[in-house]
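Read through the structure below, which is laid out as structure tokens, and then see the notes.
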Amino acid sequence: MEWGGQPVASIRKGFEGAVRRSGLKAVTLHTIRHSAAVAMVSSAIPITQVAQYLGHNNTLVTYSTNGRIAPDHLTDAAEVLDFVKLRARK
């Protein structure tokens with residue numbers, strides 16, 4: 001990354017300035033990171049890929065932080081237990 005032809009050591013200062021100028025409250029780089037992870041999980045990106053993108057060594061960290069946000073990924077598993085559909089198949 002660079003700005004004005006110079007390498008950027010950290011985006012934190014610029015990000016914090018942008019948040020201040022926008023008038024947003026309680027927005028941090030962590031907020032953006034978490035929002036990105038939730039968007040990925042909500043879009044059915046496998047938790048292993050989300051973990052890799054975030055740099056987590058353990059997918060349990062990713063799942064416990066972000067997986068619970070979008071439980072839609074369990075829909076297929078729950079449909080197996082839909083006894084109404086099972087009866088209709090017989």
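Chain labels run A, B, ... following the order of the structure tokens; each chain numbers its residues from 1, and ligands are numbered from 1 in the order shown.
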
List every residue of segment 23-75 of chain A that DSSP, applied to the backbone of this structure, assigns to alpha helix (DSSP H), and report them as a short mmCIF file (atom, residue, chain, number, x, y, z; two decimals) with all heavy atoms, in the first residue's frame.
```
data_model
loop_
_atom_site.label_atom_id
_atom_site.label_comp_id
_atom_site.auth_asym_id
_atom_site.auth_seq_id
_atom_site.Cartn_x
_atom_site.Cartn_y
_atom_site.Cartn_z
N LEU A 29 -11.27 -0.49 13.32
CA LEU A 29 -10.84 -1.45 12.30
C LEU A 29 -11.39 -2.84 12.62
O LEU A 29 -11.75 -3.60 11.73
CB LEU A 29 -9.32 -1.49 12.21
CG LEU A 29 -8.68 -0.31 11.49
CD1 LEU A 29 -7.17 -0.33 11.65
CD2 LEU A 29 -9.06 -0.32 10.03
N HIS A 30 -11.50 -3.15 13.91
CA HIS A 30 -12.07 -4.44 14.32
C HIS A 30 -13.54 -4.53 13.88
O HIS A 30 -14.00 -5.60 13.46
CB HIS A 30 -11.95 -4.62 15.83
CG HIS A 30 -12.51 -5.92 16.31
ND1 HIS A 30 -11.92 -7.13 16.04
CD2 HIS A 30 -13.64 -6.19 16.99
CE1 HIS A 30 -12.66 -8.09 16.56
NE2 HIS A 30 -13.71 -7.54 17.14
N THR A 31 -14.27 -3.42 13.97
CA THR A 31 -15.66 -3.40 13.52
C THR A 31 -15.76 -3.76 12.05
O THR A 31 -16.59 -4.58 11.64
CB THR A 31 -16.28 -1.99 13.73
OG1 THR A 31 -16.08 -1.58 15.07
CG2 THR A 31 -17.75 -1.97 13.39
N ILE A 32 -14.88 -3.19 11.24
CA ILE A 32 -14.87 -3.45 9.81
C ILE A 32 -14.48 -4.89 9.54
O ILE A 32 -15.09 -5.57 8.70
CB ILE A 32 -13.90 -2.48 9.08
CG1 ILE A 32 -14.30 -1.02 9.35
CG2 ILE A 32 -13.83 -2.78 7.60
CD1 ILE A 32 -15.69 -0.65 8.92
N ARG A 33 -13.51 -5.39 10.24
CA ARG A 33 -13.06 -6.78 10.10
C ARG A 33 -14.20 -7.74 10.43
O ARG A 33 -14.46 -8.70 9.71
CB ARG A 33 -11.85 -7.01 11.00
CG ARG A 33 -11.31 -8.40 11.03
CD ARG A 33 -10.13 -8.44 12.02
NE ARG A 33 -9.74 -9.77 12.38
CZ ARG A 33 -8.84 -10.49 11.71
NH1 ARG A 33 -8.25 -9.99 10.66
NH2 ARG A 33 -8.54 -11.70 12.11
N HIS A 34 -14.88 -7.49 11.55
CA HIS A 34 -15.99 -8.34 11.97
C HIS A 34 -17.13 -8.27 10.94
O HIS A 34 -17.72 -9.29 10.60
CB HIS A 34 -16.47 -7.92 13.36
CG HIS A 34 -17.59 -8.75 13.88
ND1 HIS A 34 -17.43 -10.08 14.22
CD2 HIS A 34 -18.89 -8.46 14.12
CE1 HIS A 34 -18.59 -10.56 14.64
NE2 HIS A 34 -19.48 -9.60 14.60
N SER A 35 -17.43 -7.08 10.45
CA SER A 35 -18.49 -6.92 9.45
C SER A 35 -18.16 -7.70 8.18
O SER A 35 -19.04 -8.32 7.58
CB SER A 35 -18.68 -5.44 9.11
OG SER A 35 -19.13 -4.74 10.24
N ALA A 36 -16.90 -7.68 7.77
CA ALA A 36 -16.49 -8.43 6.59
C ALA A 36 -16.68 -9.93 6.82
O ALA A 36 -17.18 -10.64 5.94
CB ALA A 36 -15.04 -8.12 6.25
N ALA A 37 -16.29 -10.40 7.99
CA ALA A 37 -16.44 -11.82 8.31
C ALA A 37 -17.91 -12.23 8.33
O ALA A 37 -18.28 -13.28 7.78
CB ALA A 37 -15.79 -12.14 9.65
N VAL A 38 -18.76 -11.42 8.92
CA VAL A 38 -20.19 -11.72 8.97
C VAL A 38 -20.78 -11.74 7.56
O VAL A 38 -21.58 -12.61 7.22
CB VAL A 38 -20.94 -10.71 9.87
CG1 VAL A 38 -22.44 -10.83 9.71
CG2 VAL A 38 -20.54 -10.91 11.32
N ALA A 39 -20.35 -10.79 6.71
CA ALA A 39 -20.84 -10.77 5.33
C ALA A 39 -20.43 -12.05 4.60
O ALA A 39 -21.23 -12.62 3.85
CB ALA A 39 -20.28 -9.54 4.60
N MET A 40 -19.21 -12.51 4.82
CA MET A 40 -18.76 -13.75 4.17
C MET A 40 -19.56 -14.95 4.66
O MET A 40 -20.04 -15.76 3.85
CB MET A 40 -17.27 -13.97 4.42
CG MET A 40 -16.38 -13.06 3.62
SD MET A 40 -14.63 -13.46 3.86
CE MET A 40 -14.16 -12.15 4.98
N VAL A 41 -19.73 -15.07 5.97
CA VAL A 41 -20.49 -16.19 6.54
C VAL A 41 -21.94 -16.13 6.06
O VAL A 41 -22.51 -17.16 5.68
CB VAL A 41 -20.42 -16.19 8.08
CG1 VAL A 41 -21.37 -17.21 8.69
CG2 VAL A 41 -18.98 -16.46 8.54
N SER A 42 -22.52 -14.95 6.03
CA SER A 42 -23.91 -14.78 5.57
C SER A 42 -24.08 -15.14 4.09
O SER A 42 -25.16 -15.47 3.66
CB SER A 42 -24.37 -13.34 5.79
OG SER A 42 -24.36 -13.02 7.15
N ILE A 47 -16.66 -21.62 6.48
CA ILE A 47 -16.00 -21.03 7.64
C ILE A 47 -14.48 -21.23 7.56
O ILE A 47 -13.72 -20.38 8.04
CB ILE A 47 -16.58 -21.59 8.97
CG1 ILE A 47 -16.34 -20.61 10.13
CG2 ILE A 47 -16.08 -22.95 9.29
CD1 ILE A 47 -17.26 -19.47 10.18
N THR A 48 -14.03 -22.31 6.92
CA THR A 48 -12.59 -22.53 6.77
C THR A 48 -11.97 -21.44 5.90
O THR A 48 -10.85 -20.99 6.17
CB THR A 48 -12.29 -23.91 6.17
OG1 THR A 48 -13.04 -24.06 4.96
CG2 THR A 48 -12.66 -25.02 7.13
N GLN A 49 -12.68 -21.01 4.87
CA GLN A 49 -12.16 -19.94 4.01
C GLN A 49 -12.18 -18.60 4.72
O GLN A 49 -11.26 -17.79 4.57
CB GLN A 49 -12.96 -19.87 2.71
CG GLN A 49 -12.70 -21.04 1.79
CD GLN A 49 -13.49 -20.93 0.50
OE1 GLN A 49 -14.18 -19.95 0.24
NE2 GLN A 49 -13.41 -21.97 -0.31
N VAL A 50 -13.24 -18.35 5.49
CA VAL A 50 -13.32 -17.10 6.25
C VAL A 50 -12.16 -17.05 7.25
O VAL A 50 -11.49 -16.02 7.37
CB VAL A 50 -14.68 -16.96 6.98
CG1 VAL A 50 -14.72 -15.69 7.82
CG2 VAL A 50 -15.82 -16.98 5.98
N ALA A 51 -11.91 -18.16 7.92
CA ALA A 51 -10.81 -18.23 8.89
C ALA A 51 -9.48 -17.94 8.21
O ALA A 51 -8.65 -17.18 8.73
CB ALA A 51 -10.78 -19.60 9.56
N GLN A 52 -9.28 -18.53 7.05
CA GLN A 52 -8.03 -18.31 6.32
C GLN A 52 -7.89 -16.85 5.92
O GLN A 52 -6.83 -16.24 6.07
CB GLN A 52 -7.98 -19.21 5.09
CG GLN A 52 -6.68 -19.16 4.37
CD GLN A 52 -6.64 -20.12 3.19
OE1 GLN A 52 -7.65 -20.69 2.80
NE2 GLN A 52 -5.47 -20.31 2.62
N TYR A 53 -8.98 -16.25 5.44
CA TYR A 53 -8.97 -14.84 5.03
C TYR A 53 -8.60 -13.93 6.21
O TYR A 53 -7.86 -12.97 6.06
CB TYR A 53 -10.33 -14.46 4.46
CG TYR A 53 -10.40 -13.06 3.93
CD1 TYR A 53 -9.97 -12.76 2.64
CD2 TYR A 53 -10.86 -12.02 4.72
CE1 TYR A 53 -10.02 -11.47 2.15
CE2 TYR A 53 -10.91 -10.73 4.25
CZ TYR A 53 -10.49 -10.46 2.96
OH TYR A 53 -10.53 -9.17 2.49
N LEU A 54 -9.15 -14.26 7.38
CA LEU A 54 -8.90 -13.44 8.57
C LEU A 54 -7.55 -13.74 9.22
O LEU A 54 -7.12 -13.02 10.13
CB LEU A 54 -10.01 -13.66 9.60
CG LEU A 54 -11.40 -13.21 9.18
CD1 LEU A 54 -12.43 -13.62 10.24
CD2 LEU A 54 -11.46 -11.72 8.94
N THR A 59 -10.13 -22.64 13.10
CA THR A 59 -11.47 -22.26 12.63
C THR A 59 -12.46 -22.11 13.78
O THR A 59 -13.48 -21.45 13.61
CB THR A 59 -12.02 -23.26 11.61
OG1 THR A 59 -12.05 -24.56 12.21
CG2 THR A 59 -11.19 -23.29 10.35
N LEU A 60 -12.17 -22.70 14.93
CA LEU A 60 -13.07 -22.55 16.07
C LEU A 60 -13.16 -21.10 16.52
O LEU A 60 -14.22 -20.65 16.96
CB LEU A 60 -12.63 -23.45 17.24
CG LEU A 60 -12.78 -24.95 17.00
CD1 LEU A 60 -12.21 -25.73 18.18
CD2 LEU A 60 -14.23 -25.31 16.76
N VAL A 61 -12.06 -20.38 16.41
CA VAL A 61 -12.07 -18.95 16.76
C VAL A 61 -13.03 -18.22 15.82
O VAL A 61 -13.87 -17.43 16.25
CB VAL A 61 -10.65 -18.35 16.65
CG1 VAL A 61 -10.68 -16.84 16.79
CG2 VAL A 61 -9.73 -18.98 17.68
N THR A 62 -12.91 -18.51 14.54
CA THR A 62 -13.76 -17.85 13.54
C THR A 62 -15.22 -18.21 13.77
O THR A 62 -16.09 -17.34 13.75
CB THR A 62 -13.35 -18.29 12.12
OG1 THR A 62 -11.93 -18.15 11.99
CG2 THR A 62 -14.04 -17.46 11.06
N TYR A 63 -15.49 -19.48 13.99
CA TYR A 63 -16.87 -19.92 14.18
C TYR A 63 -17.47 -19.32 15.44
O TYR A 63 -18.60 -18.81 15.41
CB TYR A 63 -16.97 -21.45 14.24
CG TYR A 63 -18.40 -21.89 14.38
CD1 TYR A 63 -19.22 -21.92 13.25
CD2 TYR A 63 -18.94 -22.20 15.60
CE1 TYR A 63 -20.55 -22.27 13.37
CE2 TYR A 63 -20.26 -22.56 15.72
CZ TYR A 63 -21.06 -22.59 14.60
OH TYR A 63 -22.38 -22.93 14.72
N SER A 64 -16.74 -19.33 16.53
CA SER A 64 -17.32 -18.83 17.78
C SER A 64 -17.56 -17.32 17.73
O SER A 64 -18.47 -16.82 18.38
CB SER A 64 -16.42 -19.17 18.97
OG SER A 64 -15.20 -18.48 18.89
N THR A 65 -16.79 -16.61 16.92
CA THR A 65 -16.94 -15.16 16.82
C THR A 65 -17.96 -14.76 15.75
O THR A 65 -18.72 -13.83 15.95
CB THR A 65 -15.58 -14.50 16.48
OG1 THR A 65 -14.63 -14.92 17.44
CG2 THR A 65 -15.69 -12.99 16.50
N ASN A 66 -17.96 -15.47 14.63
CA ASN A 66 -18.77 -15.03 13.49
C ASN A 66 -19.81 -16.04 13.01
O ASN A 66 -20.81 -15.65 12.43
CB ASN A 66 -17.85 -14.71 12.30
CG ASN A 66 -16.81 -13.69 12.67
OD1 ASN A 66 -17.14 -12.55 12.93
ND2 ASN A 66 -15.56 -14.09 12.72
N THR A 75 -29.12 -24.77 7.59
CA THR A 75 -30.42 -25.09 6.99
C THR A 75 -30.46 -26.50 6.42
O THR A 75 -31.41 -27.24 6.66
CB THR A 75 -30.78 -24.07 5.90
OG1 THR A 75 -30.80 -22.77 6.50
CG2 THR A 75 -32.12 -24.36 5.28
#
```

Original post:
Between atom CA of Val8 of chain A and atom CA of Gly55 of chain A, what is the spacing in Å?
Top reply: 20.6 Å

**OP:** Quick one: pick out all strand (DSSP E) residues within segment 1-63 of chain A from a backbone DSSP run and write them as a PyMOL selection string.
**Re:** chain A and resi 2-3+6-7
